[in-house]
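Structure file start.cif; described as mmCIF, N, CA and C atoms.
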data_my_file
#
loop_
_atom_site.label_atom_id
_atom_site.label_comp_id
_atom_site.auth_asym_id
_atom_site.auth_seq_id
_atom_site.Cartn_x
_atom_site.Cartn_y
_atom_site.Cartn_z
N MET A 136 5.46 -6.29 -9.53
CA MET A 136 6.02 -6.24 -8.19
C MET A 136 4.95 -6.58 -7.15
N ASP A 137 5.43 -7.20 -6.12
CA ASP A 137 4.56 -7.54 -5.00
C ASP A 137 4.66 -6.43 -3.96
N LYS A 138 3.80 -6.51 -2.96
CA LYS A 138 3.75 -5.46 -1.96
C LYS A 138 3.72 -6.08 -0.57
N VAL A 139 4.57 -5.58 0.30
CA VAL A 139 4.53 -5.91 1.72
C VAL A 139 4.09 -4.64 2.43
N PHE A 140 3.17 -4.77 3.37
CA PHE A 140 2.68 -3.55 4.01
C PHE A 140 2.58 -3.69 5.52
N ILE A 141 2.62 -2.55 6.16
CA ILE A 141 2.41 -2.41 7.61
C ILE A 141 1.31 -1.38 7.75
N SER A 142 0.30 -1.70 8.55
CA SER A 142 -0.83 -0.80 8.70
C SER A 142 -1.00 -0.36 10.14
N GLN A 143 -1.10 0.94 10.32
CA GLN A 143 -1.38 1.55 11.62
C GLN A 143 -0.37 1.17 12.71
N LEU A 144 0.91 1.20 12.36
CA LEU A 144 1.97 1.00 13.34
C LEU A 144 1.95 2.20 14.28
N HIS A 145 1.74 1.95 15.56
CA HIS A 145 1.59 3.02 16.55
C HIS A 145 2.91 3.28 17.25
N VAL A 146 3.30 4.56 17.30
CA VAL A 146 4.52 4.98 18.00
C VAL A 146 4.20 6.25 18.78
N ASP A 147 4.56 6.27 20.05
CA ASP A 147 4.47 7.48 20.85
C ASP A 147 5.84 8.13 20.87
N THR A 148 5.88 9.42 20.51
CA THR A 148 7.17 10.12 20.43
C THR A 148 6.96 11.62 20.60
N ILE A 149 8.07 12.31 20.76
CA ILE A 149 8.05 13.77 20.80
C ILE A 149 8.20 14.25 19.35
N ILE A 150 7.25 15.06 18.91
CA ILE A 150 7.30 15.63 17.57
C ILE A 150 6.44 16.88 17.53
N GLY A 151 6.92 17.89 16.85
CA GLY A 151 6.13 19.11 16.71
C GLY A 151 6.98 20.36 16.74
N VAL A 152 6.40 21.46 16.27
CA VAL A 152 7.10 22.73 16.20
C VAL A 152 6.82 23.63 17.40
N TYR A 153 5.75 23.37 18.09
CA TYR A 153 5.37 24.23 19.22
C TYR A 153 5.97 23.71 20.52
N ASP A 154 6.23 24.63 21.44
CA ASP A 154 6.86 24.27 22.71
C ASP A 154 6.07 23.19 23.46
N PHE A 155 4.75 23.31 23.49
CA PHE A 155 3.94 22.33 24.23
C PHE A 155 4.05 20.94 23.61
N GLU A 156 4.34 20.85 22.30
CA GLU A 156 4.48 19.56 21.64
C GLU A 156 5.81 18.90 22.01
N LYS A 157 6.76 19.68 22.44
CA LYS A 157 8.08 19.17 22.78
C LYS A 157 8.17 18.68 24.22
N GLU A 158 7.07 18.81 24.96
CA GLU A 158 7.04 18.41 26.36
C GLU A 158 6.36 17.07 26.60
N THR A 159 5.51 16.65 25.68
CA THR A 159 4.72 15.43 25.88
C THR A 159 4.72 14.59 24.61
N LYS A 160 4.84 13.30 24.80
CA LYS A 160 4.79 12.40 23.64
C LYS A 160 3.41 12.43 23.00
N GLN A 161 3.40 12.30 21.68
CA GLN A 161 2.16 12.23 20.92
C GLN A 161 2.14 10.92 20.13
N SER A 162 0.95 10.48 19.83
CA SER A 162 0.80 9.26 19.03
C SER A 162 0.94 9.57 17.55
N LEU A 163 1.73 8.74 16.88
CA LEU A 163 1.80 8.74 15.43
C LEU A 163 1.41 7.36 14.94
N TYR A 164 0.80 7.30 13.76
CA TYR A 164 0.43 6.03 13.15
C TYR A 164 1.04 5.99 11.76
N PHE A 165 1.69 4.86 11.45
CA PHE A 165 2.39 4.69 10.19
C PHE A 165 1.72 3.62 9.35
N ASP A 166 1.48 3.96 8.09
CA ASP A 166 1.08 2.99 7.08
C ASP A 166 2.22 2.96 6.07
N ILE A 167 2.80 1.78 5.88
CA ILE A 167 3.97 1.65 5.03
C ILE A 167 3.74 0.56 4.00
N GLU A 168 3.96 0.88 2.73
CA GLU A 168 3.87 -0.10 1.65
C GLU A 168 5.22 -0.17 0.95
N MET A 169 5.71 -1.39 0.76
CA MET A 169 7.02 -1.59 0.15
C MET A 169 6.89 -2.56 -1.02
N LEU A 170 7.41 -2.17 -2.17
CA LEU A 170 7.39 -3.04 -3.33
C LEU A 170 8.62 -3.95 -3.31
N CYS A 171 8.39 -5.22 -3.62
CA CYS A 171 9.48 -6.19 -3.63
C CYS A 171 9.02 -7.43 -4.39
N ASP A 172 9.93 -8.34 -4.59
CA ASP A 172 9.62 -9.62 -5.23
C ASP A 172 9.54 -10.68 -4.12
N ILE A 173 8.36 -11.20 -3.86
CA ILE A 173 8.21 -12.18 -2.78
C ILE A 173 8.43 -13.62 -3.24
N LYS A 174 8.64 -13.83 -4.54
CA LYS A 174 8.77 -15.20 -5.06
C LYS A 174 9.89 -16.01 -4.41
N PRO A 175 11.10 -15.46 -4.23
CA PRO A 175 12.15 -16.27 -3.59
C PRO A 175 11.78 -16.74 -2.18
N ALA A 176 11.20 -15.87 -1.39
CA ALA A 176 10.79 -16.25 -0.03
C ALA A 176 9.65 -17.27 -0.07
N ALA A 177 8.70 -17.04 -0.95
CA ALA A 177 7.56 -17.95 -1.06
C ALA A 177 7.99 -19.34 -1.52
N ALA A 178 8.94 -19.41 -2.43
CA ALA A 178 9.39 -20.69 -2.98
C ALA A 178 10.16 -21.52 -1.95
N THR A 179 10.84 -20.83 -1.04
CA THR A 179 11.70 -21.53 -0.07
C THR A 179 11.14 -21.54 1.35
N ASP A 180 10.12 -20.73 1.58
CA ASP A 180 9.55 -20.57 2.92
C ASP A 180 10.63 -20.11 3.91
N ASP A 181 11.51 -19.21 3.44
CA ASP A 181 12.68 -18.76 4.20
C ASP A 181 12.55 -17.27 4.52
N ILE A 182 12.44 -16.95 5.79
CA ILE A 182 12.30 -15.56 6.21
C ILE A 182 13.50 -14.72 5.80
N ALA A 183 14.67 -15.33 5.66
CA ALA A 183 15.87 -14.60 5.27
C ALA A 183 15.73 -14.02 3.85
N LEU A 184 14.85 -14.58 3.05
CA LEU A 184 14.63 -14.10 1.68
C LEU A 184 13.42 -13.17 1.57
N ALA A 185 12.78 -12.92 2.70
CA ALA A 185 11.58 -12.09 2.71
C ALA A 185 11.90 -10.67 3.15
N LEU A 186 11.04 -9.76 2.80
CA LEU A 186 11.09 -8.41 3.34
C LEU A 186 10.37 -8.49 4.68
N ASP A 187 11.13 -8.51 5.74
CA ASP A 187 10.63 -8.81 7.08
C ASP A 187 9.94 -7.58 7.68
N TYR A 188 8.61 -7.58 7.68
CA TYR A 188 7.86 -6.43 8.18
C TYR A 188 8.07 -6.20 9.66
N ALA A 189 8.40 -7.25 10.42
CA ALA A 189 8.69 -7.06 11.84
C ALA A 189 9.97 -6.25 12.02
N LYS A 190 10.99 -6.54 11.23
CA LYS A 190 12.25 -5.79 11.32
C LYS A 190 12.07 -4.35 10.83
N VAL A 191 11.28 -4.16 9.79
CA VAL A 191 10.99 -2.81 9.32
C VAL A 191 10.28 -2.04 10.44
N SER A 192 9.30 -2.66 11.06
CA SER A 192 8.56 -2.02 12.15
C SER A 192 9.49 -1.63 13.30
N GLU A 193 10.36 -2.54 13.68
CA GLU A 193 11.32 -2.26 14.76
C GLU A 193 12.22 -1.08 14.41
N ARG A 194 12.65 -1.02 13.15
CA ARG A 194 13.54 0.07 12.71
C ARG A 194 12.82 1.40 12.70
N VAL A 195 11.55 1.40 12.26
CA VAL A 195 10.75 2.63 12.25
C VAL A 195 10.56 3.14 13.68
N ILE A 196 10.21 2.24 14.58
CA ILE A 196 10.01 2.62 15.99
C ILE A 196 11.31 3.17 16.58
N ALA A 197 12.41 2.47 16.36
CA ALA A 197 13.70 2.89 16.92
C ALA A 197 14.09 4.28 16.42
N HIS A 198 13.95 4.50 15.12
CA HIS A 198 14.33 5.80 14.56
C HIS A 198 13.40 6.92 15.04
N THR A 199 12.12 6.64 15.07
CA THR A 199 11.13 7.66 15.43
C THR A 199 11.29 8.11 16.88
N THR A 200 11.71 7.21 17.74
CA THR A 200 11.84 7.55 19.16
C THR A 200 13.26 7.98 19.55
N ALA A 201 14.23 7.81 18.67
CA ALA A 201 15.63 8.09 19.02
C ALA A 201 15.94 9.58 19.08
N LYS A 202 15.51 10.33 18.07
CA LYS A 202 15.85 11.75 17.99
C LYS A 202 14.65 12.52 17.47
N PRO A 203 14.04 13.32 18.33
CA PRO A 203 12.85 14.06 17.90
C PRO A 203 13.12 15.02 16.75
N VAL A 204 12.16 15.13 15.86
CA VAL A 204 12.17 16.14 14.80
C VAL A 204 10.91 16.98 14.95
N GLU A 205 10.86 18.08 14.24
CA GLU A 205 9.69 18.96 14.35
C GLU A 205 8.60 18.61 13.35
N LEU A 206 8.99 18.22 12.14
CA LEU A 206 8.01 18.05 11.07
C LEU A 206 7.80 16.59 10.67
N LEU A 207 6.56 16.25 10.39
CA LEU A 207 6.26 14.92 9.85
C LEU A 207 6.97 14.73 8.51
N GLU A 208 7.10 15.80 7.75
CA GLU A 208 7.77 15.73 6.45
C GLU A 208 9.21 15.25 6.61
N THR A 209 9.89 15.78 7.61
CA THR A 209 11.27 15.39 7.88
C THR A 209 11.35 13.92 8.26
N LEU A 210 10.48 13.50 9.14
CA LEU A 210 10.46 12.11 9.59
C LEU A 210 10.15 11.17 8.43
N ALA A 211 9.20 11.52 7.59
CA ALA A 211 8.84 10.67 6.45
C ALA A 211 10.03 10.50 5.51
N GLU A 212 10.73 11.58 5.21
CA GLU A 212 11.91 11.50 4.32
C GLU A 212 13.01 10.64 4.95
N GLN A 213 13.26 10.83 6.23
CA GLN A 213 14.28 10.04 6.91
C GLN A 213 13.95 8.55 6.85
N LEU A 214 12.70 8.22 7.16
CA LEU A 214 12.30 6.81 7.18
C LEU A 214 12.33 6.19 5.78
N ALA A 215 11.92 6.95 4.79
CA ALA A 215 11.97 6.43 3.41
C ALA A 215 13.41 6.09 3.04
N GLY A 216 14.34 6.96 3.37
CA GLY A 216 15.74 6.70 3.09
C GLY A 216 16.27 5.47 3.81
N ILE A 217 15.91 5.32 5.05
CA ILE A 217 16.33 4.15 5.84
C ILE A 217 15.79 2.87 5.23
N ILE A 218 14.50 2.85 4.93
CA ILE A 218 13.87 1.63 4.41
C ILE A 218 14.46 1.26 3.05
N LEU A 219 14.65 2.24 2.18
CA LEU A 219 15.21 1.95 0.86
C LEU A 219 16.67 1.49 0.94
N THR A 220 17.39 1.96 1.93
CA THR A 220 18.80 1.60 2.07
C THR A 220 19.00 0.27 2.78
N GLU A 221 18.22 0.03 3.82
CA GLU A 221 18.46 -1.12 4.70
C GLU A 221 17.65 -2.37 4.36
N PHE A 222 16.64 -2.24 3.53
CA PHE A 222 15.76 -3.37 3.24
C PHE A 222 15.64 -3.58 1.74
N THR A 223 15.23 -4.80 1.36
CA THR A 223 15.16 -5.17 -0.06
C THR A 223 13.84 -4.73 -0.68
N THR A 224 13.72 -3.44 -0.85
CA THR A 224 12.55 -2.88 -1.51
C THR A 224 13.01 -1.85 -2.53
N THR A 225 12.26 -1.73 -3.61
CA THR A 225 12.61 -0.77 -4.65
C THR A 225 11.81 0.52 -4.52
N GLN A 226 10.69 0.45 -3.80
CA GLN A 226 9.84 1.63 -3.63
C GLN A 226 9.12 1.53 -2.29
N VAL A 227 8.97 2.67 -1.64
CA VAL A 227 8.26 2.71 -0.36
C VAL A 227 7.29 3.89 -0.36
N THR A 228 6.11 3.64 0.16
CA THR A 228 5.14 4.69 0.42
C THR A 228 4.91 4.72 1.92
N ILE A 229 5.08 5.90 2.49
CA ILE A 229 4.90 6.06 3.94
C ILE A 229 3.83 7.12 4.18
N ARG A 230 2.86 6.75 4.98
CA ARG A 230 1.81 7.68 5.39
C ARG A 230 1.92 7.80 6.91
N ILE A 231 2.09 9.01 7.41
CA ILE A 231 2.18 9.24 8.84
C ILE A 231 0.98 10.07 9.26
N SER A 232 0.24 9.56 10.23
CA SER A 232 -0.94 10.26 10.75
C SER A 232 -0.66 10.74 12.17
N LYS A 233 -1.11 11.95 12.45
CA LYS A 233 -0.94 12.56 13.78
C LYS A 233 -2.32 12.99 14.27
N PRO A 234 -3.02 12.08 14.95
CA PRO A 234 -4.42 12.32 15.28
C PRO A 234 -4.70 13.49 16.23
N ALA A 235 -3.78 13.85 17.09
CA ALA A 235 -4.05 14.91 18.07
C ALA A 235 -3.67 16.30 17.57
N ALA A 236 -3.21 16.42 16.35
CA ALA A 236 -2.68 17.71 15.87
C ALA A 236 -3.75 18.77 15.65
N VAL A 237 -4.90 18.38 15.14
CA VAL A 237 -5.99 19.32 14.88
C VAL A 237 -7.25 18.77 15.55
N ALA A 238 -7.72 19.48 16.53
CA ALA A 238 -8.84 19.00 17.35
C ALA A 238 -10.09 18.68 16.52
N GLN A 239 -10.32 19.43 15.47
CA GLN A 239 -11.53 19.26 14.67
C GLN A 239 -11.41 18.15 13.63
N ALA A 240 -10.24 17.56 13.50
CA ALA A 240 -10.02 16.52 12.51
C ALA A 240 -9.77 15.17 13.18
N ASN A 241 -10.19 14.11 12.54
CA ASN A 241 -9.90 12.77 13.04
C ASN A 241 -8.40 12.53 13.06
N THR A 242 -7.73 12.93 11.99
CA THR A 242 -6.27 12.84 11.90
C THR A 242 -5.78 13.75 10.79
N VAL A 243 -4.51 14.09 10.85
CA VAL A 243 -3.84 14.82 9.78
C VAL A 243 -2.51 14.13 9.55
N GLY A 244 -1.83 14.46 8.46
CA GLY A 244 -0.54 13.84 8.25
C GLY A 244 0.03 14.09 6.88
N VAL A 245 1.03 13.28 6.55
CA VAL A 245 1.70 13.37 5.26
C VAL A 245 1.84 11.97 4.66
N GLU A 246 1.97 11.93 3.34
CA GLU A 246 2.22 10.68 2.64
C GLU A 246 3.22 10.95 1.53
N ILE A 247 4.27 10.13 1.47
CA ILE A 247 5.27 10.27 0.41
C ILE A 247 5.53 8.91 -0.21
N THR A 248 5.97 8.93 -1.45
CA THR A 248 6.43 7.74 -2.15
C THR A 248 7.82 8.02 -2.67
N ARG A 249 8.75 7.13 -2.37
CA ARG A 249 10.13 7.27 -2.83
C ARG A 249 10.58 5.94 -3.40
N CYS A 250 11.49 5.99 -4.36
CA CYS A 250 12.02 4.77 -4.94
C CYS A 250 13.53 4.89 -5.16
N LYS A 251 14.18 3.74 -5.29
CA LYS A 251 15.63 3.73 -5.47
C LYS A 251 16.06 4.31 -6.80
N ALA A 252 15.32 3.99 -7.86
CA ALA A 252 15.72 4.39 -9.20
C ALA A 252 15.12 5.73 -9.65
N CYS A 253 14.27 6.31 -8.86
CA CYS A 253 13.59 7.56 -9.25
C CYS A 253 14.41 8.78 -8.91
#
Any chance you could put this one into structure tokens?
Amino acid sequence: MDKVFISQLHVDTIIGVYDFEKETKQSLYFDIEMLCDIKPAAATDDIALALDYAKVSERVIAHTTAKPVELLETLAEQLAGIILTEFTTTQVTIRISKPAAVAQANTVGVEITRCKAC
């Protein structure tokens, strides 16, 4: 399988369990890897046959900013389901980083891998 990836997709959104987190947008960064077969797109040079990372990025941004959730875990599961359902990928790994969550850390976050057949 081939891999299409998005690195450090930046989204400002409301997320968190504490009251102060629900008042101000915070930065999240997404690293997304999707397994797919790129041969059909490569052979035809046709974007319609490709896993379009721009469309995936737009969908992640739209979902992340549409309805706030409290946990990164919840957001990661939601996005994995969307990507597996709406795009031609058999497996997705999503890493979400929240740099402002712990002052003493560069960043914190979650990473999950989900697949259609698993």
Hey, what does DSSP flag as strand (DSSP E or B) within chain A? Can you give it to me as a ChimeraX atom specification? /A:137-148,150,161-171,204,226-232,244-250
I want to know what sits within 8 Å of stretch 211-228 of chain A, based on all atoms listed in the file, with residues of the same chain fewer than 3 positions away left out; could you give that as a PDB file with N, CA and C atoms, keeping the file's coordinate frame?
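Resulting contents of selection.pdb:
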ATOM      1  N   ASP A 166       1.480   3.960   8.090  1.00  0.00           N
ATOM      2  CA  ASP A 166       1.080   2.990   7.080  1.00  0.00           C
ATOM      3  C   ASP A 166       2.220   2.960   6.070  1.00  0.00           C
ATOM      4  N   ILE A 167       2.800   1.780   5.880  1.00  0.00           N
ATOM      5  CA  ILE A 167       3.970   1.650   5.030  1.00  0.00           C
ATOM      6  C   ILE A 167       3.740   0.560   4.000  1.00  0.00           C
ATOM      7  N   GLU A 168       3.960   0.880   2.730  1.00  0.00           N
ATOM      8  CA  GLU A 168       3.870  -0.100   1.650  1.00  0.00           C
ATOM      9  C   GLU A 168       5.220  -0.170   0.950  1.00  0.00           C
ATOM     10  N   MET A 169       5.710  -1.390   0.760  1.00  0.00           N
ATOM     11  CA  MET A 169       7.020  -1.590   0.150  1.00  0.00           C
ATOM     12  C   MET A 169       6.890  -2.560  -1.020  1.00  0.00           C
ATOM     13  N   LEU A 170       7.410  -2.170  -2.170  1.00  0.00           N
ATOM     14  CA  LEU A 170       7.390  -3.040  -3.330  1.00  0.00           C
ATOM     15  C   LEU A 170       8.620  -3.950  -3.310  1.00  0.00           C
ATOM     16  N   CYS A 171       8.390  -5.220  -3.620  1.00  0.00           N
ATOM     17  CA  CYS A 171       9.480  -6.190  -3.630  1.00  0.00           C
ATOM     18  C   CYS A 171       9.020  -7.430  -4.390  1.00  0.00           C
ATOM     19  N   ASP A 172       9.930  -8.340  -4.590  1.00  0.00           N
ATOM     20  CA  ASP A 172       9.620  -9.620  -5.230  1.00  0.00           C
ATOM     21  C   ASP A 172       9.540 -10.680  -4.120  1.00  0.00           C
ATOM     22  N   ALA A 185      12.780 -12.920   2.700  1.00  0.00           N
ATOM     23  CA  ALA A 185      11.580 -12.090   2.710  1.00  0.00           C
ATOM     24  C   ALA A 185      11.900 -10.670   3.150  1.00  0.00           C
ATOM     25  N   LEU A 186      11.040  -9.760   2.800  1.00  0.00           N
ATOM     26  CA  LEU A 186      11.090  -8.410   3.340  1.00  0.00           C
ATOM     27  C   LEU A 186      10.370  -8.490   4.680  1.00  0.00           C
ATOM     28  N   ASP A 187      11.130  -8.510   5.740  1.00  0.00           N
ATOM     29  CA  ASP A 187      10.630  -8.810   7.080  1.00  0.00           C
ATOM     30  C   ASP A 187       9.940  -7.580   7.680  1.00  0.00           C
ATOM     31  N   VAL A 191      11.280  -4.160   9.790  1.00  0.00           N
ATOM     32  CA  VAL A 191      10.990  -2.810   9.320  1.00  0.00           C
ATOM     33  C   VAL A 191      10.280  -2.040  10.440  1.00  0.00           C
ATOM     34  N   ARG A 194      12.650  -1.020  13.150  1.00  0.00           N
ATOM     35  CA  ARG A 194      13.540   0.070  12.710  1.00  0.00           C
ATOM     36  C   ARG A 194      12.820   1.400  12.700  1.00  0.00           C
ATOM     37  N   VAL A 195      11.550   1.400  12.260  1.00  0.00           N
ATOM     38  CA  VAL A 195      10.750   2.630  12.250  1.00  0.00           C
ATOM     39  C   VAL A 195      10.560   3.140  13.680  1.00  0.00           C
ATOM     40  N   HIS A 198      13.950   4.500  15.120  1.00  0.00           N
ATOM     41  CA  HIS A 198      14.330   5.800  14.560  1.00  0.00           C
ATOM     42  C   HIS A 198      13.400   6.920  15.040  1.00  0.00           C
ATOM     43  N   THR A 199      12.120   6.640  15.070  1.00  0.00           N
ATOM     44  CA  THR A 199      11.130   7.660  15.430  1.00  0.00           C
ATOM     45  C   THR A 199      11.290   8.110  16.880  1.00  0.00           C
ATOM     46  N   LEU A 206       8.990  18.220  12.140  1.00  0.00           N
ATOM     47  CA  LEU A 206       8.010  18.050  11.070  1.00  0.00           C
ATOM     48  C   LEU A 206       7.800  16.590  10.670  1.00  0.00           C
ATOM     49  N   LEU A 207       6.560  16.250  10.390  1.00  0.00           N
ATOM     50  CA  LEU A 207       6.260  14.920   9.850  1.00  0.00           C
ATOM     51  C   LEU A 207       6.970  14.730   8.510  1.00  0.00           C
ATOM     52  N   GLU A 208       7.100  15.800   7.750  1.00  0.00           N
ATOM     53  CA  GLU A 208       7.770  15.730   6.450  1.00  0.00           C
ATOM     54  C   GLU A 208       9.210  15.250   6.610  1.00  0.00           C
ATOM     55  N   ILE A 231       2.090   9.010   7.410  1.00  0.00           N
ATOM     56  CA  ILE A 231       2.180   9.240   8.840  1.00  0.00           C
ATOM     57  C   ILE A 231       0.980  10.070   9.260  1.00  0.00           C
ATOM     58  N   VAL A 245       1.030  13.280   6.550  1.00  0.00           N
ATOM     59  CA  VAL A 245       1.700  13.370   5.260  1.00  0.00           C
ATOM     60  C   VAL A 245       1.840  11.970   4.660  1.00  0.00           C
ATOM     61  N   GLU A 246       1.970  11.930   3.340  1.00  0.00           N
ATOM     62  CA  GLU A 246       2.220  10.680   2.640  1.00  0.00           C
ATOM     63  C   GLU A 246       3.220  10.950   1.530  1.00  0.00           C
ATOM     64  N   ILE A 247       4.270  10.130   1.470  1.00  0.00           N
ATOM     65  CA  ILE A 247       5.270  10.270   0.410  1.00  0.00           C
ATOM     66  C   ILE A 247       5.530   8.910  -0.210  1.00  0.00           C
ATOM     67  N   THR A 248       5.970   8.930  -1.450  1.00  0.00           N
ATOM     68  CA  THR A 248       6.430   7.740  -2.150  1.00  0.00           C
ATOM     69  C   THR A 248       7.820   8.020  -2.670  1.00  0.00           C
ATOM     70  N   ARG A 249       8.750   7.130  -2.370  1.00  0.00           N
ATOM     71  CA  ARG A 249      10.130   7.270  -2.830  1.00  0.00           C
ATOM     72  C   ARG A 249      10.580   5.940  -3.400  1.00  0.00           C
ATOM     73  N   CYS A 250      11.490   5.990  -4.360  1.00  0.00           N
ATOM     74  CA  CYS A 250      12.020   4.770  -4.940  1.00  0.00           C
ATOM     75  C   CYS A 250      13.530   4.890  -5.160  1.00  0.00           C
ATOM     76  N   LYS A 251      14.180   3.740  -5.290  1.00  0.00           N
ATOM     77  CA  LYS A 251      15.630   3.730  -5.470  1.00  0.00           C
ATOM     78  C   LYS A 251      16.060   4.310  -6.800  1.00  0.00           C
ATOM     79  N   ALA A 252      15.320   3.990  -7.860  1.00  0.00           N
ATOM     80  CA  ALA A 252      15.720   4.390  -9.200  1.00  0.00           C
ATOM     81  C   ALA A 252      15.120   5.730  -9.650  1.00  0.00           C
ATOM     82  N   CYS A 253      14.270   6.310  -8.860  1.00  0.00           N
ATOM     83  CA  CYS A 253      13.590   7.560  -9.250  1.00  0.00           C
ATOM     84  C   CYS A 253      14.410   8.780  -8.910  1.00  0.00           C
TER      85      CYS A 253
END
So that I can check the secondary structure, give me every residue of chain A assigned alpha helix (DSSP H) by backbone DSSP, as a ChimeraX atom specification. /A:174-179,188-201,207-221
Evaluated on this file, the PyMOL selection byres ((chain A and resi 150) around 6.5) picks out some residues - which ones are they, written as an mmCIF file with N, CA and C atoms, in the coordinates of the input?
data_model
loop_
_atom_site.group_PDB
_atom_site.id
_atom_site.type_symbol
_atom_site.label_atom_id
_atom_site.label_comp_id
_atom_site.auth_asym_id
_atom_site.auth_seq_id
_atom_site.Cartn_x
_atom_site.Cartn_y
_atom_site.Cartn_z
ATOM 1 N N THR A 148 5.880 9.420 20.510
ATOM 2 C CA THR A 148 7.170 10.120 20.430
ATOM 3 C C THR A 148 6.960 11.620 20.600
ATOM 4 N N ILE A 149 8.070 12.310 20.760
ATOM 5 C CA ILE A 149 8.050 13.770 20.800
ATOM 6 C C ILE A 149 8.200 14.250 19.350
ATOM 7 N N GLY A 151 6.920 17.890 16.850
ATOM 8 C CA GLY A 151 6.130 19.110 16.710
ATOM 9 C C GLY A 151 6.980 20.360 16.740
ATOM 10 N N VAL A 152 6.400 21.460 16.270
ATOM 11 C CA VAL A 152 7.100 22.730 16.200
ATOM 12 C C VAL A 152 6.820 23.630 17.400
ATOM 13 N N GLU A 156 4.340 20.850 22.300
ATOM 14 C CA GLU A 156 4.480 19.560 21.640
ATOM 15 C C GLU A 156 5.810 18.900 22.010
ATOM 16 N N LYS A 157 6.760 19.680 22.440
ATOM 17 C CA LYS A 157 8.080 19.170 22.780
ATOM 18 C C LYS A 157 8.170 18.680 24.220
ATOM 19 N N THR A 159 5.510 16.650 25.680
ATOM 20 C CA THR A 159 4.720 15.430 25.880
ATOM 21 C C THR A 159 4.720 14.590 24.610
ATOM 22 N N LYS A 160 4.840 13.300 24.800
ATOM 23 C CA LYS A 160 4.790 12.400 23.640
ATOM 24 C C LYS A 160 3.410 12.430 23.000
ATOM 25 N N GLN A 161 3.400 12.300 21.680
ATOM 26 C CA GLN A 161 2.160 12.230 20.920
ATOM 27 C C GLN A 161 2.140 10.920 20.130
ATOM 28 N N PRO A 203 14.040 13.320 18.330
ATOM 29 C CA PRO A 203 12.850 14.060 17.900
ATOM 30 C C PRO A 203 13.120 15.020 16.750
ATOM 31 N N VAL A 204 12.160 15.130 15.860
ATOM 32 C CA VAL A 204 12.170 16.140 14.800
ATOM 33 C C VAL A 204 10.910 16.980 14.950
ATOM 34 N N GLU A 205 10.860 18.080 14.240
ATOM 35 C CA GLU A 205 9.690 18.960 14.350
ATOM 36 C C GLU A 205 8.600 18.610 13.350
ATOM 37 N N LEU A 206 8.990 18.220 12.140
ATOM 38 C CA LEU A 206 8.010 18.050 11.070
ATOM 39 C C LEU A 206 7.800 16.590 10.670
#
One-decimal distance in Å that lies between atom CA of A:Ile229 and atom CA of A:Ile141: 9.6 Å
Please return, as a ChimeraX atom specification, all polymer residues that have at least one atom within 8 Å of the point (-3.8, 13.5, 7.2); use only C-alpha atoms and the file's own coordinate frame. /A:231-233,242-245
Any idea what the distance is between atom CA of A:Lys174 and atom CA of A:Ser142? 22.1 Å
Stretch 151-166 of chain A: axis-aligned bounding box, 3 Å on each side, centre and edge lengths in Å, one decimal, as JSON:
{"center_x": 4.3, "center_y": 13.8, "center_z": 16.3, "size_x": 13.7, "size_y": 27.7, "size_z": 26.5}
Atom N of A:Asn241 to atom CA of A:Lys202, distance in Å rounded to a single decimal: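 Taking atom N of A:Asn241 and atom CA of A:Lys202, their separation equals 26.7 Å.
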